[in-house]
Each structure stands twice: as structure tokens, then as C-alpha cells.
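K.L.:
For reference, this is protein_1.cif, and it has mmCIF, C-alpha atoms and all ligand atoms; chains and numbers go by the auth columns.
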```cif
data_final
#
loop_
_atom_site.group_PDB
_atom_site.id
_atom_site.type_symbol
_atom_site.label_atom_id
_atom_site.label_comp_id
_atom_site.label_asym_id
_atom_site.label_seq_id
_atom_site.Cartn_x
_atom_site.Cartn_y
_atom_site.Cartn_z
_atom_site.B_iso_or_equiv
_atom_site.auth_seq_id
_atom_site.auth_asym_id
ATOM 1 C CA MET A 1 -16.104 -7.160 -13.233 0.00 17 A
ATOM 2 C CA GLN A 2 -18.448 -4.522 -14.532 0.00 18 A
ATOM 3 C CA LEU A 3 -20.122 -1.729 -12.612 0.00 19 A
ATOM 4 C CA LEU A 4 -23.842 -1.372 -13.357 0.00 20 A
ATOM 5 C CA ARG A 5 -25.085 2.156 -12.837 0.00 21 A
ATOM 6 C CA ASP A 6 -28.676 3.005 -11.882 0.00 22 A
ATOM 7 C CA ILE A 7 -30.315 -0.339 -12.574 0.00 23 A
ATOM 8 C CA LEU A 8 -32.955 0.106 -9.837 0.00 24 A
ATOM 9 C CA THR A 9 -35.189 3.137 -9.379 0.00 25 A
ATOM 10 C CA HIS A 10 -36.046 4.545 -5.973 0.00 26 A
ATOM 11 C CA ASP A 11 -39.524 2.995 -6.217 0.00 27 A
ATOM 12 C CA GLU A 12 -38.089 -0.398 -7.149 0.00 28 A
ATOM 13 C CA ILE A 13 -35.756 -0.311 -4.147 0.00 29 A
ATOM 14 C CA GLN A 14 -38.786 0.389 -1.965 0.00 30 A
ATOM 15 C CA SER A 15 -40.684 -2.446 -3.621 0.00 31 A
ATOM 16 C CA LEU A 16 -37.847 -4.857 -2.834 0.00 32 A
ATOM 17 C CA ARG A 17 -37.755 -3.688 0.788 0.00 33 A
ATOM 18 C CA ASP A 18 -41.515 -4.224 0.990 0.00 34 A
ATOM 19 C CA TYR A 19 -40.991 -7.781 -0.280 0.00 35 A
ATOM 20 C CA TRP A 20 -38.497 -8.451 2.523 0.00 36 A
ATOM 21 C CA ASN A 21 -40.727 -6.862 5.148 0.00 37 A
ATOM 22 C CA ARG A 22 -43.677 -8.970 4.032 0.00 38 A
ATOM 23 C CA TYR A 23 -41.991 -12.340 3.555 0.00 39 A
ATOM 24 C CA ASN A 24 -38.731 -12.349 5.522 0.00 40 A
ATOM 25 C CA GLU A 25 -39.948 -15.153 7.780 0.00 41 A
ATOM 26 C CA LEU A 26 -39.595 -17.350 4.670 0.00 42 A
ATOM 27 C CA SER A 27 -35.896 -16.531 4.388 0.00 43 A
ATOM 28 C CA TYR A 28 -33.297 -19.191 5.132 0.00 44 A
ATOM 29 C CA VAL A 29 -29.875 -19.070 6.719 0.00 45 A
ATOM 30 C CA ASN A 30 -27.182 -19.433 4.060 0.00 46 A
ATOM 31 C CA CYS A 31 -24.301 -19.842 6.493 0.00 47 A
ATOM 32 C CA TRP A 32 -23.936 -19.826 10.254 0.00 48 A
ATOM 33 C CA THR A 33 -21.198 -18.201 12.266 0.00 49 A
ATOM 34 C CA TYR A 34 -18.929 -20.808 13.838 0.00 50 A
ATOM 35 C CA PRO A 35 -16.836 -21.139 17.006 0.00 51 A
ATOM 36 C CA GLY A 36 -13.933 -18.750 16.722 0.00 52 A
ATOM 37 C CA HIS A 37 -15.680 -16.506 14.197 0.00 53 A
ATOM 38 C CA ALA A 38 -14.702 -12.891 14.848 0.00 54 A
ATOM 39 C CA TYR A 39 -18.328 -11.786 15.156 0.00 55 A
ATOM 40 C CA ARG A 40 -19.884 -14.873 16.740 0.00 56 A
ATOM 41 C CA ASP A 41 -21.091 -12.795 19.653 0.00 57 A
ATOM 42 C CA ARG A 42 -23.080 -10.569 17.309 0.00 58 A
ATOM 43 C CA SER A 43 -25.020 -13.103 15.310 0.00 59 A
ATOM 44 C CA GLU A 44 -25.697 -16.818 14.966 0.00 60 A
ATOM 45 C CA TYR A 45 -25.756 -16.476 11.203 0.00 61 A
ATOM 46 C CA ILE A 46 -23.695 -14.682 8.560 0.00 62 A
ATOM 47 C CA ASP A 47 -26.520 -14.016 6.143 0.00 63 A
ATOM 48 C CA ARG A 48 -30.169 -14.823 5.481 0.00 64 A
ATOM 49 C CA ARG A 49 -31.649 -15.042 1.998 0.00 65 A
ATOM 50 C CA LEU A 50 -35.187 -14.574 0.799 0.00 66 A
ATOM 51 C CA VAL A 51 -35.770 -16.006 -2.681 0.00 67 A
ATOM 52 C CA ILE A 52 -37.392 -13.538 -5.063 0.00 68 A
ATOM 53 C CA VAL A 53 -39.881 -15.686 -6.955 0.00 69 A
ATOM 54 C CA ASN A 54 -39.944 -15.092 -10.712 0.00 70 A
ATOM 55 C CA ASP A 55 -43.667 -14.419 -10.997 0.00 71 A
ATOM 56 C CA SER A 56 -43.730 -11.508 -8.548 0.00 72 A
ATOM 57 C CA ASP A 57 -43.378 -7.792 -9.367 0.00 73 A
ATOM 58 C CA GLN A 58 -39.930 -7.967 -7.839 0.00 74 A
ATOM 59 C CA GLY A 59 -39.045 -11.062 -9.888 0.00 75 A
ATOM 60 C CA ARG A 60 -39.998 -9.180 -13.042 0.00 76 A
ATOM 61 C CA ILE A 61 -37.611 -6.383 -12.043 0.00 77 A
ATOM 62 C CA MET A 62 -34.866 -9.010 -11.734 0.00 78 A
ATOM 63 C CA LYS A 63 -35.696 -10.385 -15.184 0.00 79 A
ATOM 64 C CA ARG A 64 -35.559 -6.923 -16.735 0.00 80 A
ATOM 65 C CA ILE A 65 -32.068 -6.402 -15.284 0.00 81 A
ATOM 66 C CA VAL A 66 -30.835 -9.751 -16.636 0.00 82 A
ATOM 67 C CA ASP A 67 -32.458 -9.226 -20.050 0.00 83 A
ATOM 68 C CA ASP A 68 -30.988 -5.718 -20.338 0.00 84 A
ATOM 69 C CA ILE A 69 -27.477 -7.124 -19.913 0.00 85 A
ATOM 70 C CA TRP A 70 -27.972 -10.212 -22.120 0.00 86 A
ATOM 71 C CA PRO A 71 -30.708 -9.115 -24.569 0.00 87 A
ATOM 72 C CA GLY A 72 -32.575 -11.858 -26.376 0.00 88 A
ATOM 73 C CA GLN A 73 -30.867 -14.702 -24.514 0.00 89 A
ATOM 74 C CA ASN A 74 -33.595 -15.397 -21.948 0.00 90 A
ATOM 75 C CA LEU A 75 -30.961 -16.650 -19.490 0.00 91 A
ATOM 76 C CA SER A 76 -32.042 -18.597 -16.417 0.00 92 A
ATOM 77 C CA PHE A 77 -31.343 -16.950 -13.080 0.00 93 A
ATOM 78 C CA TRP A 78 -32.375 -16.899 -9.452 0.00 94 A
ATOM 79 C CA ALA A 79 -32.370 -13.901 -7.152 0.00 95 A
ATOM 80 C CA ASN A 80 -32.586 -13.249 -3.448 0.00 96 A
ATOM 81 C CA PHE A 81 -32.958 -10.395 -1.011 0.00 97 A
ATOM 82 C CA GLN A 82 -30.036 -10.882 1.311 0.00 98 A
ATOM 83 C CA ARG A 83 -29.583 -9.602 4.848 0.00 99 A
ATOM 84 C CA GLN A 84 -26.002 -9.879 6.052 0.00 100 A
ATOM 85 C CA ALA A 85 -25.518 -9.860 9.810 0.00 101 A
ATOM 86 C CA VAL A 86 -21.722 -9.916 9.624 0.00 102 A
ATOM 87 C CA CYS A 87 -19.004 -9.927 6.943 0.00 103 A
ATOM 88 C CA HIS A 88 -18.026 -12.718 4.561 0.00 104 A
ATOM 89 C CA GLN A 89 -14.525 -13.994 3.954 0.00 105 A
ATOM 90 C CA LEU A 90 -12.876 -14.541 0.566 0.00 106 A
ATOM 91 C CA HIS A 91 -14.847 -17.137 -1.423 0.00 107 A
ATOM 92 C CA VAL A 92 -16.322 -18.099 -4.775 0.00 108 A
ATOM 93 C CA ASP A 93 -20.024 -18.745 -5.234 0.00 109 A
ATOM 94 C CA GLU A 94 -20.448 -22.512 -5.361 0.00 110 A
ATOM 95 C CA TYR A 95 -23.178 -21.980 -7.939 0.00 111 A
ATOM 96 C CA GLY A 96 -20.393 -21.991 -10.542 0.00 112 A
ATOM 97 C CA THR A 97 -18.707 -25.220 -9.458 0.00 113 A
ATOM 98 C CA ASP A 98 -18.375 -27.774 -12.283 0.00 114 A
ATOM 99 C CA ARG A 99 -20.404 -25.563 -14.594 0.00 115 A
ATOM 100 C CA VAL A 100 -20.668 -26.311 -18.293 0.00 116 A
ATOM 101 C CA ASN A 101 -21.981 -22.840 -19.208 0.00 117 A
ATOM 102 C CA PRO A 102 -20.853 -19.374 -18.044 0.00 118 A
ATOM 103 C CA THR A 103 -22.293 -18.285 -14.686 0.00 119 A
ATOM 104 C CA TRP A 104 -22.429 -14.755 -13.345 0.00 120 A
ATOM 105 C CA THR A 105 -23.236 -13.003 -10.089 0.00 121 A
ATOM 106 C CA ILE A 106 -24.780 -9.555 -9.692 0.00 122 A
ATOM 107 C CA ILE A 107 -24.855 -7.681 -6.386 0.00 123 A
ATOM 108 C CA ILE A 108 -27.098 -4.628 -6.168 0.00 124 A
ATOM 109 C CA ALA A 109 -26.942 -2.028 -3.407 0.00 125 A
ATOM 110 C CA LEU A 110 -30.122 -0.702 -1.827 0.00 126 A
ATOM 111 C CA ASP A 111 -28.311 1.946 0.203 0.00 127 A
ATOM 112 C CA THR A 112 -25.532 4.441 -0.411 0.00 128 A
ATOM 113 C CA VAL A 113 -22.915 3.642 2.217 0.00 129 A
ATOM 114 C CA PRO A 114 -19.219 4.336 1.492 0.00 130 A
ATOM 115 C CA GLU A 115 -18.118 1.946 4.245 0.00 131 A
ATOM 116 C CA TRP A 116 -19.826 -1.000 2.521 0.00 132 A
ATOM 117 C CA LYS A 117 -17.808 -2.670 -0.215 0.00 133 A
ATOM 118 C CA ALA A 118 -17.575 -5.818 -2.291 0.00 134 A
ATOM 119 C CA VAL A 119 -14.029 -6.577 -3.392 0.00 135 A
ATOM 120 C CA ILE A 120 -13.589 -8.709 -6.521 0.00 136 A
ATOM 121 C CA PHE A 121 -10.311 -10.398 -7.428 0.00 137 A
ATOM 122 C CA LYS A 122 -9.075 -11.637 -10.808 0.00 138 A
ATOM 123 C CA GLU A 123 -8.231 -15.166 -9.656 0.00 139 A
ATOM 124 C CA MET A 124 -10.887 -17.742 -10.527 0.00 140 A
ATOM 125 C CA PHE A 125 -11.586 -21.136 -8.940 0.00 141 A
ATOM 126 C CA ASN A 126 -13.846 -24.085 -9.579 0.00 142 A
ATOM 127 C CA GLY A 127 -15.256 -24.096 -6.042 0.00 143 A
ATOM 128 C CA ASN A 128 -13.967 -23.090 -2.641 0.00 144 A
ATOM 129 C CA SER A 129 -11.858 -26.193 -2.120 0.00 145 A
ATOM 130 C CA LYS A 130 -9.743 -25.094 -5.107 0.00 146 A
ATOM 131 C CA LEU A 131 -9.511 -21.593 -3.677 0.00 147 A
ATOM 132 C CA ASN A 132 -8.353 -23.049 -0.362 0.00 148 A
ATOM 133 C CA ASP A 133 -5.731 -25.148 -2.175 0.00 149 A
ATOM 134 C CA PHE A 134 -4.432 -21.978 -3.827 0.00 150 A
ATOM 135 C CA VAL A 135 -4.243 -20.120 -0.511 0.00 151 A
ATOM 136 C CA ALA A 136 -2.378 -23.023 1.081 0.00 152 A
ATOM 137 C CA LYS A 137 0.302 -22.783 -1.610 0.00 153 A
ATOM 138 C CA ILE A 138 0.892 -19.012 -1.533 0.00 154 A
ATOM 139 C CA ASP A 139 4.591 -18.225 -1.311 0.00 155 A
ATOM 140 C CA TYR A 140 4.572 -15.516 1.327 0.00 156 A
ATOM 141 C CA ARG A 141 8.225 -14.751 0.562 0.00 157 A
ATOM 142 C CA SER A 142 7.038 -13.237 -2.744 0.00 158 A
ATOM 143 C CA PRO A 143 6.049 -9.561 -2.580 0.00 159 A
ATOM 144 C CA PRO A 144 2.369 -8.925 -1.841 0.00 160 A
ATOM 145 C CA LYS A 145 0.304 -7.376 -4.649 0.00 161 A
ATOM 146 C CA GLY A 146 -1.271 -4.757 -2.422 0.00 162 A
ATOM 147 C CA ASP A 147 -2.180 -3.738 1.103 0.00 163 A
ATOM 148 C CA TYR A 148 -5.906 -4.288 0.741 0.00 164 A
ATOM 149 C CA SER A 149 -6.290 -4.706 4.435 0.00 165 A
ATOM 150 C CA LYS A 150 -5.844 -0.976 4.898 0.00 166 A
ATOM 151 C CA LEU A 151 -7.102 0.191 1.517 0.00 167 A
ATOM 152 C CA HIS A 152 -10.406 -1.670 1.507 0.00 168 A
ATOM 153 C CA ASP A 153 -11.038 -2.774 5.105 0.00 169 A
ATOM 154 C CA LEU A 154 -10.149 -6.413 4.565 0.00 170 A
ATOM 155 C CA ASP A 155 -8.643 -6.648 8.034 0.00 171 A
ATOM 156 C CA HIS A 156 -11.056 -9.441 9.019 0.00 172 A
ATOM 157 C CA MET A 157 -8.576 -11.740 7.240 0.00 173 A
ATOM 158 C CA ASP A 158 -5.410 -10.246 8.760 0.00 174 A
ATOM 159 C CA LYS A 159 -2.856 -12.653 10.165 0.00 175 A
ATOM 160 C CA TRP A 160 -0.009 -10.889 11.928 0.00 176 A
ATOM 161 C CA VAL A 161 3.235 -12.772 12.582 0.00 177 A
ATOM 162 C CA ASP A 162 6.338 -10.971 13.858 0.00 178 A
ATOM 163 C CA GLY A 163 5.033 -7.617 12.641 0.00 179 A
ATOM 164 C CA VAL A 164 4.234 -8.883 9.136 0.00 180 A
ATOM 165 C CA ASN A 165 0.658 -9.110 7.860 0.00 181 A
ATOM 166 C CA TYR A 166 0.049 -12.460 6.164 0.00 182 A
ATOM 167 C CA ASN A 167 -3.478 -11.554 5.068 0.00 183 A
ATOM 168 C CA PHE A 168 -3.679 -13.866 2.045 0.00 184 A
ATOM 169 C CA CYS A 169 -5.841 -11.372 0.098 0.00 185 A
ATOM 170 C CA ASN A 170 -2.722 -9.248 -0.310 0.00 186 A
ATOM 171 C CA TRP A 171 -1.308 -11.946 -2.607 0.00 187 A
ATOM 172 C CA PHE A 172 -4.349 -11.820 -4.912 0.00 188 A
ATOM 173 C CA GLU A 173 -4.843 -9.351 -7.747 0.00 189 A
ATOM 174 C CA ILE A 174 -7.767 -6.939 -7.477 0.00 190 A
ATOM 175 C CA ASP A 175 -10.194 -6.757 -10.372 0.00 191 A
ATOM 176 C CA GLY A 176 -12.366 -4.027 -8.870 0.00 192 A
ATOM 177 C CA VAL A 177 -14.080 -2.649 -5.787 0.00 193 A
ATOM 178 C CA PHE A 178 -17.786 -1.894 -5.565 0.00 194 A
ATOM 179 C CA CYS A 179 -18.749 0.774 -3.029 0.00 195 A
ATOM 180 C CA TYR A 180 -22.424 0.546 -2.137 0.00 196 A
ATOM 181 C CA GLU A 181 -24.485 3.128 -3.996 0.00 197 A
ATOM 182 C CA ALA A 182 -28.253 2.736 -3.952 0.00 198 A
ATOM 183 C CA GLY A 183 -29.619 1.323 -7.192 0.00 199 A
ATOM 184 C CA CYS A 184 -26.181 0.484 -8.615 0.00 200 A
ATOM 185 C CA GLY A 185 -24.624 -2.939 -8.879 0.00 201 A
ATOM 186 C CA VAL A 186 -21.646 -5.004 -9.839 0.00 202 A
ATOM 187 C CA LEU A 187 -21.446 -7.944 -12.247 0.00 203 A
ATOM 188 C CA PHE A 188 -18.679 -10.539 -12.066 0.00 204 A
ATOM 189 C CA ASP A 189 -17.919 -14.127 -12.963 0.00 205 A
ATOM 190 C CA THR A 190 -19.275 -16.437 -10.258 0.00 206 A
ATOM 191 C CA ASN A 191 -15.904 -18.203 -10.085 0.00 207 A
ATOM 192 C CA GLN A 192 -13.945 -15.056 -9.300 0.00 208 A
ATOM 193 C CA ALA A 193 -12.695 -14.848 -5.702 0.00 209 A
ATOM 194 C CA HIS A 194 -14.568 -12.099 -3.878 0.00 210 A
ATOM 195 C CA THR A 195 -15.358 -10.892 -0.401 0.00 211 A
ATOM 196 C CA THR A 196 -17.189 -8.303 1.613 0.00 212 A
ATOM 197 C CA ASN A 197 -15.084 -5.766 3.416 0.00 213 A
ATOM 198 C CA ASN A 198 -15.034 -5.724 7.211 0.00 214 A
ATOM 199 C CA TRP A 199 -18.036 -3.421 7.481 0.00 215 A
ATOM 200 C CA PRO A 200 -19.207 -4.745 10.896 0.00 216 A
ATOM 201 C CA LYS A 201 -16.200 -3.103 12.532 0.00 217 A
ATOM 202 C CA TYR A 202 -18.091 0.182 12.245 0.00 218 A
ATOM 203 C CA PRO A 203 -20.377 0.020 15.290 0.00 219 A
ATOM 204 C CA LYS A 204 -23.160 2.037 13.696 0.00 220 A
ATOM 205 C CA PHE A 205 -24.087 -0.889 11.401 0.00 221 A
ATOM 206 C CA THR A 206 -26.167 -3.801 12.704 0.00 222 A
ATOM 207 C CA HIS A 207 -26.696 -5.434 9.286 0.00 223 A
ATOM 208 C CA ARG A 208 -26.631 -4.676 5.594 0.00 224 A
ATOM 209 C CA ASP A 209 -29.106 -5.539 2.853 0.00 225 A
ATOM 210 C CA LEU A 210 -28.478 -6.248 -0.818 0.00 226 A
ATOM 211 C CA ILE A 211 -29.946 -7.990 -3.830 0.00 227 A
ATOM 212 C CA GLN A 212 -28.065 -10.904 -5.324 0.00 228 A
ATOM 213 C CA ILE A 213 -28.746 -12.463 -8.729 0.00 229 A
ATOM 214 C CA HIS A 214 -27.123 -15.672 -9.947 0.00 230 A
ATOM 215 C CA ILE A 215 -27.259 -16.028 -13.710 0.00 231 A
ATOM 216 C CA GLY A 216 -26.782 -18.990 -15.999 0.00 232 A
ATOM 217 C CA GLY A 217 -27.325 -22.686 -15.497 0.00 233 A
ATOM 218 C CA SER A 218 -24.397 -24.928 -14.691 0.00 234 A
ATOM 219 C CA THR A 219 -25.752 -27.698 -16.924 0.00 235 A
ATOM 220 C CA ALA A 220 -27.348 -27.527 -20.358 0.00 236 A
ATOM 221 C CA THR A 221 -30.773 -28.541 -19.035 0.00 237 A
ATOM 222 C CA SER A 222 -30.522 -27.107 -15.562 0.00 238 A
ATOM 223 C CA SER A 223 -33.305 -25.801 -13.434 0.00 239 A
ATOM 224 C CA THR A 224 -31.932 -22.830 -11.537 0.00 240 A
ATOM 225 C CA PHE A 225 -33.252 -24.124 -8.238 0.00 241 A
ATOM 226 C CA HIS A 226 -31.515 -27.465 -8.657 0.00 242 A
ATOM 227 C CA ASP A 227 -28.289 -25.691 -9.457 0.00 243 A
ATOM 228 C CA VAL A 228 -28.418 -23.902 -6.191 0.00 244 A
ATOM 229 C CA GLU A 229 -29.018 -27.068 -4.215 0.00 245 A
ATOM 230 C CA LYS A 230 -26.041 -28.579 -5.991 0.00 246 A
ATOM 231 C CA GLY A 231 -23.960 -25.664 -4.788 0.00 247 A
ATOM 232 C CA GLY A 232 -24.657 -26.544 -1.180 0.00 248 A
ATOM 233 C CA GLU A 233 -27.445 -24.109 -0.397 0.00 249 A
ATOM 234 C CA SER A 234 -30.699 -25.578 0.810 0.00 250 A
ATOM 235 C CA ILE A 235 -33.110 -23.032 -0.541 0.00 251 A
ATOM 236 C CA PRO A 236 -36.846 -23.617 -0.205 0.00 252 A
ATOM 237 C CA ASP A 237 -38.721 -25.380 -2.950 0.00 253 A
ATOM 238 C CA ALA A 238 -40.319 -22.679 -5.129 0.00 254 A
ATOM 239 C CA THR A 239 -43.781 -24.264 -5.099 0.00 255 A
ATOM 240 C CA ALA A 240 -43.816 -24.623 -1.319 0.00 256 A
ATOM 241 C CA MET A 241 -42.592 -21.075 -0.989 0.00 257 A
ATOM 242 C CA ARG A 242 -45.374 -19.694 -3.181 0.00 258 A
ATOM 243 C CA GLU A 243 -47.937 -21.535 -1.032 0.00 259 A
ATOM 244 C CA LYS A 244 -46.506 -19.978 2.113 0.00 260 A
ATOM 245 C CA MET A 245 -46.501 -16.568 0.490 0.00 261 A
ATOM 246 C CA GLN A 246 -50.190 -16.978 -0.348 0.00 262 A
ATOM 247 C CA GLN A 247 -50.875 -17.965 3.249 0.00 263 A
ATOM 248 C CA LEU A 248 -49.121 -14.830 4.488 0.00 264 A
ATOM 249 C CA ASN A 249 -51.107 -12.722 2.040 0.00 265 A
ATOM 250 C CA SER A 250 -54.407 -14.174 3.220 0.00 266 A
ATOM 251 C CA ASP A 251 -53.634 -13.721 6.943 0.00 267 A
HETATM 252 FE FE FE B . -20.374 -14.502 -2.983 0.00 301 B
#
```
Kindly transcribe the structure held in the file into C-alpha cells.
Ligand SMILES: [Fe+2]
P.N.:
Amino acid sequence: MQLLRDILTHDEIQSLRDYWNRYNELSYVNCWTYPGHAYRDRSEYIDRRLVIVNDSDQGRIMKRIVDDIWPGQNLSFWANFQRQAVCHQLHVDEYGTDRVNPTWTIIIALDTVPEWKAVIFKEMFNGNSKLNDFVAKIDYRSPPKGDYSKLHDLDHMDKWVDGVNYNFCNWFEIDGVFCYEAGCGVLFDTNQAHTTNNWPKYPKFTHRDLIQIHIGGSTATSSTFHDVEKGGESIPDATAMREKMQQLNSD
């Protein structure tokens, strides 16, 4: 993983917030909380995503960020403004499943909040089913690689048995930890296992916002939107979304 310092200005952060405030009714639920979820009582959904269309001021900011990192490559990407209602568990972004080209994820903080973290691990998987297979085969008799539960607030995955914590994250190897700092971001391979920390345990937070960019097509001729659908997300069709945005602007 790579930390990206100061990639958004204060004005750009405000512009992205304005985009959310104006269009958030066009956002979609990426994943719902489920029966037994630790925070089911707090929210029906885990996160909502609002696609940042390429031909908006905010989309041009996204393109500048991608082009600064990979100059001259004109890589395909798609970006969203994301509102998380509760924390995520360890996962890989399905955008990278069965890819034929490299794929990358960038997370950008809009706020400086030390209690908000993204934790990136070195282990890589071709989709979450492979990650789950790996977890199922962990030999818990081997020594854990860390106590991330305490160090980085990953206690939403704790599993205590007879006084021993079988939080499977402790058997993964940390690549890096991103603490939210406004305008800064983190870049990592889409297939790296990663997770949010358990930020909802701090009662003062009702949600957290971030920008997410997915870079690279999984096939040689891919359209970024089709890639996302392939990964299991049902994001709105870009043309339909632009029409709805125009409607909102004319209201
Ligand atoms: Fe992710």
C-alpha cells in the first residue's frame, strides 16, 4: 500500500461534499446489514455509494488524481462518494476478481479523525470466496502475527473462546494502516485483504464519509461500469444517472 498525501484541497473536499448533498438520493446501497450483524439496530445498510460521473467537476478531480499516479496511461476508473453507516469486515473488492490487468483501490479521507482507520493486509485473494477459504484453513495453533484487535480497533471480528481471541485478522500480516486525514488517501491492490476498523463503537460517530476510486479494467476491453456489475454491485447506469442529475438540477 502507498499513502497519498494532500491529494485533495480544502475547496475540492467541499466540492465533493456539495456533490453528495445535491445528488445523494441517487446513491445506492452497496450492502445491507443482516440478521446477527453487530450494528443491525443502527442501520439497515452498511454503506451507500453515489457514483461520481466522469464529466462533472468532481469527476475531473478524480481523473487528475489517477493521472498524477499513472501519468500518460489514461487508465479507466470509476469513483464514488461513500457514506458508511457502520463498519466493514475483512474483504477484498470484488472488482478485482478474475482480472486480466492490474486493479487498484484508492480511499480518500474527507475528515481528519484519528479513530477512523482502514487496515490493509499483505495477503491477496481472487475474490471473497478465496479469502473465506483461507480463513477456514487458518491453523489457530500457530502463533498469531499481531494483536490488531487492540492495536487498530478490529474487535468487531473478535471471537473469544476459553479466554483466547480467535480474531482471524491476527493471523494475517499487516501491510499498513491509514488513519483518516482530510485530503490524504491510501492506494492498494484491489485484491489485498482490507477492512475498516470498528469505528462505530465510538458513540459520537453516526456515519463516516470517504471517496473511493477503483482503477483499471478487469478485461482488456472493459467498460468500467460493466466491471463493477460483474463484481456484484448493481450501480446505476451512467446515462440514466446523468438524466436524473439533470432533473434534479432543473427542479
Ligand atoms: Fe473494500
K.L.:
Just so the selection is clear, what residues does the PyMOL selection byres (((chain A and resi 97) around 8) and not hetatm) cover here, as number ranges by chain?
P.N.:
A: 32, 36, 65-68, 95-96, 98-99, 225-228
K.L.:
Put those residues in a file: C-alpha atoms, as a PDB file, in the coordinates of the input.
P.N.:
```pdb
ATOM      1  CA  LEU A  32     -37.847  -4.857  -2.834  1.00  0.00           C
ATOM      2  CA  TRP A  36     -38.497  -8.451   2.523  1.00  0.00           C
ATOM      3  CA  ARG A  65     -31.649 -15.042   1.998  1.00  0.00           C
ATOM      4  CA  LEU A  66     -35.187 -14.574   0.799  1.00  0.00           C
ATOM      5  CA  VAL A  67     -35.770 -16.006  -2.681  1.00  0.00           C
ATOM      6  CA  ILE A  68     -37.392 -13.538  -5.063  1.00  0.00           C
ATOM      7  CA  ALA A  95     -32.370 -13.901  -7.152  1.00  0.00           C
ATOM      8  CA  ASN A  96     -32.586 -13.249  -3.448  1.00  0.00           C
ATOM      9  CA  GLN A  98     -30.036 -10.882   1.311  1.00  0.00           C
ATOM     10  CA  ARG A  99     -29.583  -9.602   4.848  1.00  0.00           C
ATOM     11  CA  ASP A 225     -29.106  -5.539   2.853  1.00  0.00           C
ATOM     12  CA  LEU A 226     -28.478  -6.248  -0.818  1.00  0.00           C
ATOM     13  CA  ILE A 227     -29.946  -7.990  -3.830  1.00  0.00           C
ATOM     14  CA  GLN A 228     -28.065 -10.904  -5.324  1.00  0.00           C
TER      15      GLN A 228
END
```
K.L.:
Around ligand FE 301 (chain B), which protein and nucleic acid residues have at least one atom no more than 8 Å from it, if we count all atoms listed in the file? List them as a ChimeraX atom specification.
P.N.:
/A:107-109,121,206,210-211
K.L.:
From the options A:Asp205, A:Tyr111, A:Val102, A:Met261, which residue's atoms come nearest to Tyr218 (chain A), counting only C-alpha atoms?
P.N.:
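Using only C-alpha atoms, Tyr218 (chain A) sits closest to A:Val102.
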K.L.:
Could you write out as a ChimeraX atom specification the residues that the PyMOL selection byres (((chain A and resi 151-153) around 12) and not hetatm) matches in the shown file?
P.N.:
/A:106-107,139,141,144-150,154-158,182-188,209
K.L.:
Using all atoms listed in the file, pick whichever of A:Glu131, A:Asp83, A:Glu110, A:Glu28 has the shortest atom-to-atom distance to Leu170 (chain A).
P.N.:
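Answer, going by the shortest atom-to-atom distance: A:Glu131.
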K.L.:
One decimal, in Å: what's the spacing between CA of Trp94 (chain A) and CA of Val69 (chain A)?
P.N.:
8.0 Å
K.L.:
Between A:Pro160, A:Thr113, A:Ser72, A:Ala198, which has the minimum distance to Tyr35 (chain A) (counting all atoms listed in the file)?
P.N.:
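Nearest candidate to Tyr35 (chain A) out of A:Pro160, A:Thr113, A:Ser72, A:Ala198: A:Ser72.
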K.L.:
With distances taken over all atoms listed in the file, which of A:Lys260, A:His223, A:Lys79, A:Lys138 is nearest to Asp191 (chain A)?
P.N.:
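Of A:Lys260, A:His223, A:Lys79, A:Lys138, the one nearest Asp191 (chain A), counting all atoms listed in the file, is A:Lys138.
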K.L.:
Restricting the calculation to only C-alpha atoms: of A:Gly112, A:Gly75, A:Gly232, A:Pro219, which residue gets closest to Asn142 (chain A)?
P.N.:
A:Gly112
K.L.:
With distances taken over all atoms listed in the file, which residue among A:Ile77, A:Met140, A:Cys195, A:Met173 lies nearest Thr128 (chain A)?
P.N.:
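For Thr128 (chain A), the nearest of the given residues is A:Cys195.
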K.L.:
What is the CA of Phe194 (chain A) to CA of Phe93 (chain A) distance in Å?
P.N.:
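CA of Phe93 (chain A) lies 21.6 Å from CA of Phe194 (chain A).
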K.L.:
Once the PyMOL selection byres (((chain A and resi 90) around 12) and not hetatm) has been applied to the shown file, what residues remain in the selection, as a PyMOL selection string?
P.N.:
chain A and resi 79-89+91-93+231-233
K.L.:
Centre and edge lengths of an axis-aligned box around all listed atoms of region 39-45 of chain A, with 4 Å added on each side, are to be given in Å to one decimal, as lines of an AutoDock Vina configuration file.
P.N.:
```
center_x = -35.9
center_y = -15.8
center_z = 5.7
size_x = 20.1
size_y = 14.9
size_z = 12.2
```
K.L.:
Please compute the CA of Met78 (chain A)-CA of Met257 (chain A) distance, one decimal, in Å.
P.N.:
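Result for CA of Met78 (chain A) versus CA of Met257 (chain A): 17.9 Å, one decimal.
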K.L.:
Which polymer residues have any atom within 6 Å of an atom of region 17-19 of chain A, counting all atoms listed in the file, with same-chain residues fewer than 2 positions away left out, as a PyMOL selection string?
P.N.:
chain A and resi 201-204
